[in-house]
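Novice: Input file: coords_30.pdb. Contents: PDB, C-alpha atoms, pLDDT in the B column.
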```pdb
ATOM      1  CA  MET A 707       0.000   0.000   0.000  1.00 43.00           C
ATOM      2  CA  GLY A 708       2.624   2.553   1.061  1.00 51.00           C
ATOM      3  CA  ALA A 709       6.337   2.753   0.465  1.00 55.00           C
ATOM      4  CA  SER A 710       8.621   1.460   3.169  1.00 61.00           C
ATOM      5  CA  THR A 711      11.047   3.802   4.882  1.00 63.00           C
ATOM      6  CA  GLY A 712      14.044   2.552   2.864  1.00 63.00           C
ATOM      7  CA  GLU A 713      12.302   3.149  -0.453  1.00 69.00           C
ATOM      8  CA  LEU A 714      11.329   6.629   0.677  1.00 72.00           C
ATOM      9  CA  PHE A 715      14.956   7.504   1.397  1.00 77.00           C
ATOM     10  CA  TYR A 716      15.999   6.372  -2.089  1.00 78.00           C
ATOM     11  CA  GLU A 717      13.297   8.440  -3.738  1.00 80.00           C
ATOM     12  CA  MET A 718      14.363  11.468  -1.698  1.00 85.00           C
ATOM     13  CA  GLY A 719      17.960  10.873  -2.784  1.00 84.00           C
ATOM     14  CA  TYR A 720      16.899  10.769  -6.432  1.00 83.00           C
ATOM     15  CA  LEU A 721      14.874  13.957  -6.032  1.00 86.00           C
ATOM     16  CA  LEU A 722      17.743  15.792  -4.344  1.00 90.00           C
ATOM     17  CA  SER A 723      20.161  14.763  -7.071  1.00 91.00           C
ATOM     18  CA  LEU A 724      17.725  15.987  -9.729  1.00 89.00           C
ATOM     19  CA  VAL A 725      17.486  19.315  -7.869  1.00 93.00           C
ATOM     20  CA  VAL A 726      21.286  19.611  -8.094  1.00 93.00           C
ATOM     21  CA  VAL A 727      21.142  18.856 -11.829  1.00 93.00           C
ATOM     22  CA  GLY A 728      18.386  21.469 -12.247  1.00 94.00           C
ATOM     23  CA  LEU A 729      20.494  24.061 -10.452  1.00 94.00           C
ATOM     24  CA  SER A 730      23.356  23.315 -12.833  1.00 94.00           C
ATOM     25  CA  PHE A 731      21.059  24.010 -15.807  1.00 94.00           C
ATOM     26  CA  LEU A 732      20.110  27.310 -14.216  1.00 95.00           C
ATOM     27  CA  GLY A 733      23.833  27.991 -13.918  1.00 93.00           C
ATOM     28  CA  PHE A 734      24.283  27.235 -17.637  1.00 93.00           C
ATOM     29  CA  MET A 735      21.614  29.761 -18.556  1.00 94.00           C
ATOM     30  CA  LEU A 736      23.000  32.398 -16.212  1.00 93.00           C
ATOM     31  CA  SER A 737      26.511  31.811 -17.522  1.00 92.00           C
ATOM     32  CA  MET A 738      25.321  32.496 -21.066  1.00 92.00           C
ATOM     33  CA  MET A 739      23.729  35.747 -19.909  1.00 92.00           C
ATOM     34  CA  MET A 740      26.816  36.669 -17.915  1.00 90.00           C
ATOM     35  CA  ASP A 741      29.022  35.884 -20.922  1.00 88.00           C
ATOM     36  CA  GLU A 742      27.524  38.804 -22.826  1.00 92.00           C
ATOM     37  CA  ILE A 743      28.395  41.220 -20.024  1.00 92.00           C
ATOM     38  CA  ASN A 744      31.718  39.844 -18.736  1.00 91.00           C
ATOM     39  CA  LYS A 745      33.466  37.077 -20.685  1.00 92.00           C
ATOM     40  CA  LYS A 746      35.722  35.863 -17.840  1.00 93.00           C
ATOM     41  CA  LYS A 747      32.936  35.545 -15.268  1.00 91.00           C
ATOM     42  CA  GLY A 748      30.715  33.794 -17.815  1.00 91.00           C
ATOM     43  CA  ILE A 749      33.368  31.159 -18.521  1.00 93.00           C
ATOM     44  CA  VAL A 750      34.013  30.588 -14.808  1.00 93.00           C
ATOM     45  CA  MET A 751      30.289  30.177 -14.170  1.00 93.00           C
ATOM     46  CA  TYR A 752      30.025  27.773 -17.127  1.00 93.00           C
ATOM     47  CA  ILE A 753      32.820  25.599 -15.707  1.00 95.00           C
ATOM     48  CA  LEU A 754      31.221  25.618 -12.249  1.00 94.00           C
ATOM     49  CA  SER A 755      27.905  24.571 -13.816  1.00 95.00           C
ATOM     50  CA  ILE A 756      29.608  21.644 -15.552  1.00 96.00           C
ATOM     51  CA  ILE A 757      31.120  20.560 -12.222  1.00 95.00           C
ATOM     52  CA  LEU A 758      27.702  20.825 -10.547  1.00 94.00           C
ATOM     53  CA  LEU A 759      26.112  18.767 -13.346  1.00 94.00           C
ATOM     54  CA  LEU A 760      28.726  16.041 -12.948  1.00 95.00           C
ATOM     55  CA  LEU A 761      28.277  15.970  -9.161  1.00 95.00           C
ATOM     56  CA  GLY A 762      24.493  15.680  -9.542  1.00 93.00           C
ATOM     57  CA  GLY A 763      24.872  12.839 -12.040  1.00 91.00           C
ATOM     58  CA  TYR A 764      27.330  11.049  -9.777  1.00 93.00           C
ATOM     59  CA  TYR A 765      24.985  11.458  -6.825  1.00 91.00           C
ATOM     60  CA  TYR A 766      22.075  10.035  -8.854  1.00 86.00           C
ATOM     61  CA  TYR A 767      24.171   7.038  -9.928  1.00 87.00           C
ATOM     62  CA  THR A 768      25.412   6.435  -6.366  1.00 88.00           C
ATOM     63  CA  VAL A 769      21.877   6.372  -4.966  1.00 85.00           C
ATOM     64  CA  GLY A 770      20.991   3.866  -7.701  1.00 81.00           C
ATOM     65  CA  GLN A 771      23.872   1.614  -6.678  1.00 81.00           C
ATOM     66  CA  TRP A 772      22.827   1.731  -3.021  1.00 82.00           C
ATOM     67  CA  GLN A 773      19.305   0.785  -4.036  1.00 79.00           C
ATOM     68  CA  LYS A 774      20.655  -2.068  -6.160  1.00 76.00           C
ATOM     69  CA  LEU A 775      22.370  -3.528  -3.091  1.00 77.00           C
ATOM     70  CA  GLN A 776      19.156  -3.227  -1.059  1.00 75.00           C
ATOM     71  CA  GLY A 777      16.850  -4.541  -3.811  1.00 69.00           C
ATOM     72  CA  GLY A 778      13.105  -4.155  -3.779  1.00 65.00           C
ATOM     73  CA  HIS A 779      10.409  -2.147  -5.516  1.00 65.00           C
ATOM     74  CA  SER A 780      11.011   1.235  -7.148  1.00 66.00           C
ATOM     75  CA  VAL A 781       8.452   3.573  -8.704  1.00 67.00           C
ATOM     76  CA  ASN A 782      11.215   5.520 -10.463  1.00 68.00           C
ATOM     77  CA  LYS A 783      10.856   4.830 -14.201  1.00 66.00           C
ATOM     78  CA  LEU A 784      13.846   7.018 -15.122  1.00 71.00           C
ATOM     79  CA  ASN A 785      16.175   4.450 -13.540  1.00 69.00           C
ATOM     80  CA  TYR A 786      14.543   1.696 -15.566  1.00 67.00           C
ATOM     81  CA  TYR A 787      15.176   3.513 -18.846  1.00 67.00           C
ATOM     82  CA  LEU A 788      18.728   4.585 -17.908  1.00 69.00           C
ATOM     83  CA  TYR A 789      19.613   1.012 -16.767  1.00 66.00           C
ATOM     84  CA  ILE A 790      20.682   2.353 -13.356  1.00 70.00           C
ATOM     85  CA  TYR A 791      18.295   0.254 -11.286  1.00 68.00           C
ATOM     86  CA  ARG A 792      15.711  -2.286 -12.321  1.00 63.00           C
ATOM     87  CA  GLU A 793      13.578  -4.088  -9.778  1.00 67.00           C
ATOM     88  CA  GLN A 794      15.396  -7.179  -8.556  1.00 61.00           C
ATOM     89  CA  PRO A 795      16.055  -9.112  -5.377  1.00 57.00           C
ATOM     90  CA  ALA A 796      18.810  -7.911  -3.076  1.00 57.00           C
ATOM     91  CA  VAL A 797      22.368  -8.923  -3.939  1.00 58.00           C
ATOM     92  CA  GLN A 798      23.511 -11.724  -1.641  1.00 64.00           C
ATOM     93  CA  PRO A 799      27.218 -11.942  -0.783  1.00 69.00           C
ATOM     94  CA  GLN A 800      28.859 -15.196  -1.827  1.00 73.00           C
ATOM     95  CA  VAL A 801      30.165 -17.388   0.954  1.00 76.00           C
ATOM     96  CA  PHE A 802      32.807 -19.857  -0.099  1.00 77.00           C
ATOM     97  CA  PRO A 803      33.129 -23.116   1.872  1.00 79.00           C
ATOM     98  CA  MET A 804      36.349 -23.801   3.726  1.00 77.00           C
ATOM     99  CA  PRO A 805      38.612 -26.364   2.035  1.00 79.00           C
ATOM    100  CA  PRO A 806      38.818 -29.707   3.842  1.00 79.00           C
ATOM    101  CA  GLU A 807      41.794 -30.241   6.123  1.00 80.00           C
ATOM    102  CA  PRO A 808      44.215 -32.983   5.085  1.00 79.00           C
ATOM    103  CA  PRO A 809      44.243 -36.017   7.387  1.00 79.00           C
ATOM    104  CA  GLN A 810      47.009 -36.033   9.979  1.00 81.00           C
ATOM    105  CA  ASN A 811      49.115 -39.151  10.564  1.00 78.00           C
ATOM    106  CA  GLN A 812      49.553 -40.325  14.154  1.00 69.00           C
TER     107      GLN A 812
END
```
What is this structure when it is put down as structure tokens?
Specialist:
Amino acid sequence: MGASTGELFYEMGYLLSLVVVGLSFLGFMLSMMMDEINKKKGIVMYILSIILLLLGGYYYYTVGQWQKLQGGHSVNKLNYYLYIYREQPAVQPQVFPMPPEPPQNQ
């Protein structure tokens, strides 16, 4: 019926990363406006917007990887289309058996 607490945290992480990406696009637009007034400041703002875009993308990908380890349901269709996270069971760590001990002579 409702989302569990873990799923809610992932969705909030995705939303926050998309806010960071949106702010970088605002920075791109402002850098183009600033470029017409002062070339140096426009270029600096453009570079900072690229850095902000990369950080937002990295944050989005990182949240997807955390959700992949947890597994479970996701209502986020953007992840499905970007192949970041598709609904699957949680990843189980592999446990290798101990090798048998050789017999000891008495």
Novice: How many Å lie between atom CA of A:Met751 and atom CA of A:Tyr765, rounded to one decimal?
Specialist: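 Between these atoms lies a distance of 20.8 Å.
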Novice: Can you work out the spacing between atom CA of A:Val750 and atom CA of A:Gly763 in Å, to one decimal?
Specialist: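 It comes out at 20.2 Å.
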Novice: At a cut-off of 12 Å, using all atoms listed in the file, what residues contact A:Met735? Leave out same-chain residues fewer than 5 positions from it and give the result as a list in words.
Specialist: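 Skipping anything fewer than 5 positions along the chain leaves Gly728, Leu729, Ser730, Met740, Asp741, Glu742, Gly748, Ile749, Met751, Tyr752, Ser755 and Ile756 of chain A.
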Novice: From the options A:Leu760, A:Ile790, A:Val801, A:Leu775, which residue's atoms come nearest to A:Ser723, counting only C-alpha atoms?
Specialist: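 Nearest candidate to A:Ser723 out of A:Leu760, A:Ile790, A:Val801, A:Leu775: A:Leu760.
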Novice: Around the point (26.4, 9.1, -8.9), in the coordinates given by the file, pick out the residues reaching within 12 Å, counting all atoms listed in the file, and return them as a list in words.
Specialist: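 Protein and nucleic acid residues near the point are Gly719, Tyr720, Leu722, Ser723, Leu724, Val726, Val727, Leu758, Leu759, Leu760, Leu761, Gly762, Gly763, Tyr764, Tyr765, Tyr766, Tyr767, Thr768, Val769, Gly770, Gln771, Trp772, Gln773 and Ile790 of chain A.
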Novice: I need the chosen residues saved as a JSON list (two decimals), in the frame of the given file, with C-alpha atoms.
Specialist:
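As a result, out25.json now contains:
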```json
[["chain", "number", "residue", "atom", "x", "y", "z"],
["A", 719, "GLY", "CA", 17.96, 10.87, -2.78],
["A", 720, "TYR", "CA", 16.90, 10.77, -6.43],
["A", 722, "LEU", "CA", 17.74, 15.79, -4.34],
["A", 723, "SER", "CA", 20.16, 14.76, -7.07],
["A", 724, "LEU", "CA", 17.73, 15.99, -9.73],
["A", 726, "VAL", "CA", 21.29, 19.61, -8.09],
["A", 727, "VAL", "CA", 21.14, 18.86, -11.83],
["A", 758, "LEU", "CA", 27.70, 20.82, -10.55],
["A", 759, "LEU", "CA", 26.11, 18.77, -13.35],
["A", 760, "LEU", "CA", 28.73, 16.04, -12.95],
["A", 761, "LEU", "CA", 28.28, 15.97, -9.16],
["A", 762, "GLY", "CA", 24.49, 15.68, -9.54],
["A", 763, "GLY", "CA", 24.87, 12.84, -12.04],
["A", 764, "TYR", "CA", 27.33, 11.05, -9.78],
["A", 765, "TYR", "CA", 24.98, 11.46, -6.82],
["A", 766, "TYR", "CA", 22.08, 10.04, -8.85],
["A", 767, "TYR", "CA", 24.17, 7.04, -9.93],
["A", 768, "THR", "CA", 25.41, 6.44, -6.37],
["A", 769, "VAL", "CA", 21.88, 6.37, -4.97],
["A", 770, "GLY", "CA", 20.99, 3.87, -7.70],
["A", 771, "GLN", "CA", 23.87, 1.61, -6.68],
["A", 772, "TRP", "CA", 22.83, 1.73, -3.02],
["A", 773, "GLN", "CA", 19.30, 0.78, -4.04],
["A", 790, "ILE", "CA", 20.68, 2.35, -13.36]]
```
Novice: Work out how far atom CA of A:Leu784 is from atom CA of A:Leu732, in Å to one decimal.
Specialist: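 Value for the atom CA of A:Leu732-atom CA of A:Leu784 distance: 21.3 Å.
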Novice: Measuring atom to atom with only C-alpha atoms, identify which of A:Leu714, A:Ile753, A:Leu721, A:Met804 is nearest to A:Leu736.
Specialist: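 Ranked by minimum distance to A:Leu736, first place goes to A:Ile753.
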